[in-house]
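Structure first, commentary second.
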Amino acid sequence: MDWAAVVALVDAHHITDRRLLRARRDLERRPGERSERAFRRELVRYFGRLVREARAQVAEVDRRLDDVYQQQYNLTAERAVAARRLEEAQAVLRALNGDE
């Protein structure tokens, strides 16, 4: 595994997690299989949690968007009914006034 590439990916994030930072630092100071395993474990823990949280957030936003789309659909239909009633009522009034 190209640990330098992995570290570069990690460094692109603002990481404040102490366990992950410690494992990263240990990998640099004492390279070897033990440090790599510890770093891998912390990466899986940290980024696994991020993935779960992001998936949950995406699902929640999708649910809310579905609600908004349904509301928009319902309001569009309601507006069409109201507009048709308005046109029909105005037609009756025009007919009464002889404005046909």
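In the structure tokens, each chain is lettered A, B, ... as it comes, each chain's residues begin at 1, and ligands are numbered from 1 in order of appearance.
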
Proximity check segment 41-99 of chain A to segment 4-19 of chain A, 12 Å, nearest pairs one decimal Å, only C-alpha atoms, as JSON lines:
{"residue": "A:Arg41", "atom": "CA", "partner": "A:Arg19", "partner_atom": "CA", "distance": 10.1}
{"residue": "A:Glu42", "atom": "CA", "partner": "A:Arg19", "partner_atom": "CA", "distance": 6.8}
{"residue": "A:Leu43", "atom": "CA", "partner": "A:Val10", "partner_atom": "CA", "distance": 8.6}
{"residue": "A:Val44", "atom": "CA", "partner": "A:Val10", "partner_atom": "CA", "distance": 11.7}
{"residue": "A:Arg45", "atom": "CA", "partner": "A:Arg19", "partner_atom": "CA", "distance": 9.8}
{"residue": "A:Tyr46", "atom": "CA", "partner": "A:Asp17", "partner_atom": "CA", "distance": 7.9}
{"residue": "A:Phe47", "atom": "CA", "partner": "A:Val10", "partner_atom": "CA", "distance": 9.6}
{"residue": "A:Arg49", "atom": "CA", "partner": "A:Asp17", "partner_atom": "CA", "distance": 11.8}
{"residue": "A:Leu50", "atom": "CA", "partner": "A:Ile15", "partner_atom": "CA", "distance": 11.5}

Using the selection just defined, write its residues with C-alpha atoms as a PDB file, in the first residue's frame.
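Full text of part-v1.pdb as output:
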ATOM      1  CA  ARG A  41      -7.622   0.831  12.195  1.00  0.00           C
ATOM      2  CA  GLU A  42      -7.993   4.511  13.067  1.00  0.00           C
ATOM      3  CA  LEU A  43      -8.720   5.426   9.433  1.00  0.00           C
ATOM      4  CA  VAL A  44     -11.467   2.819   9.251  1.00  0.00           C
ATOM      5  CA  ARG A  45     -12.939   3.989  12.555  1.00  0.00           C
ATOM      6  CA  TYR A  46     -12.827   7.700  11.722  1.00  0.00           C
ATOM      7  CA  PHE A  47     -13.795   7.650   8.054  1.00  0.00           C
ATOM      8  CA  ARG A  49     -18.096   7.054  11.042  1.00  0.00           C
ATOM      9  CA  LEU A  50     -17.941   9.943   8.568  1.00  0.00           C
TER      10      LEU A  50
END

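Minimum atom-to-atom distance to Ala23 of chain A, evaluated using only C-alpha atoms, belongs to A:Ser35 out of A:Asn97, A:Thr76, A:Ser35, A:Gln70.
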
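Atom CA of Ala77 of chain A is positioned 20.0 Å from atom CA of Arg64 of chain A.
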
What gap, in Å, lies between atom CA of Asp66 of chain A and atom CA of Arg85 of chain A?
28.7 Å
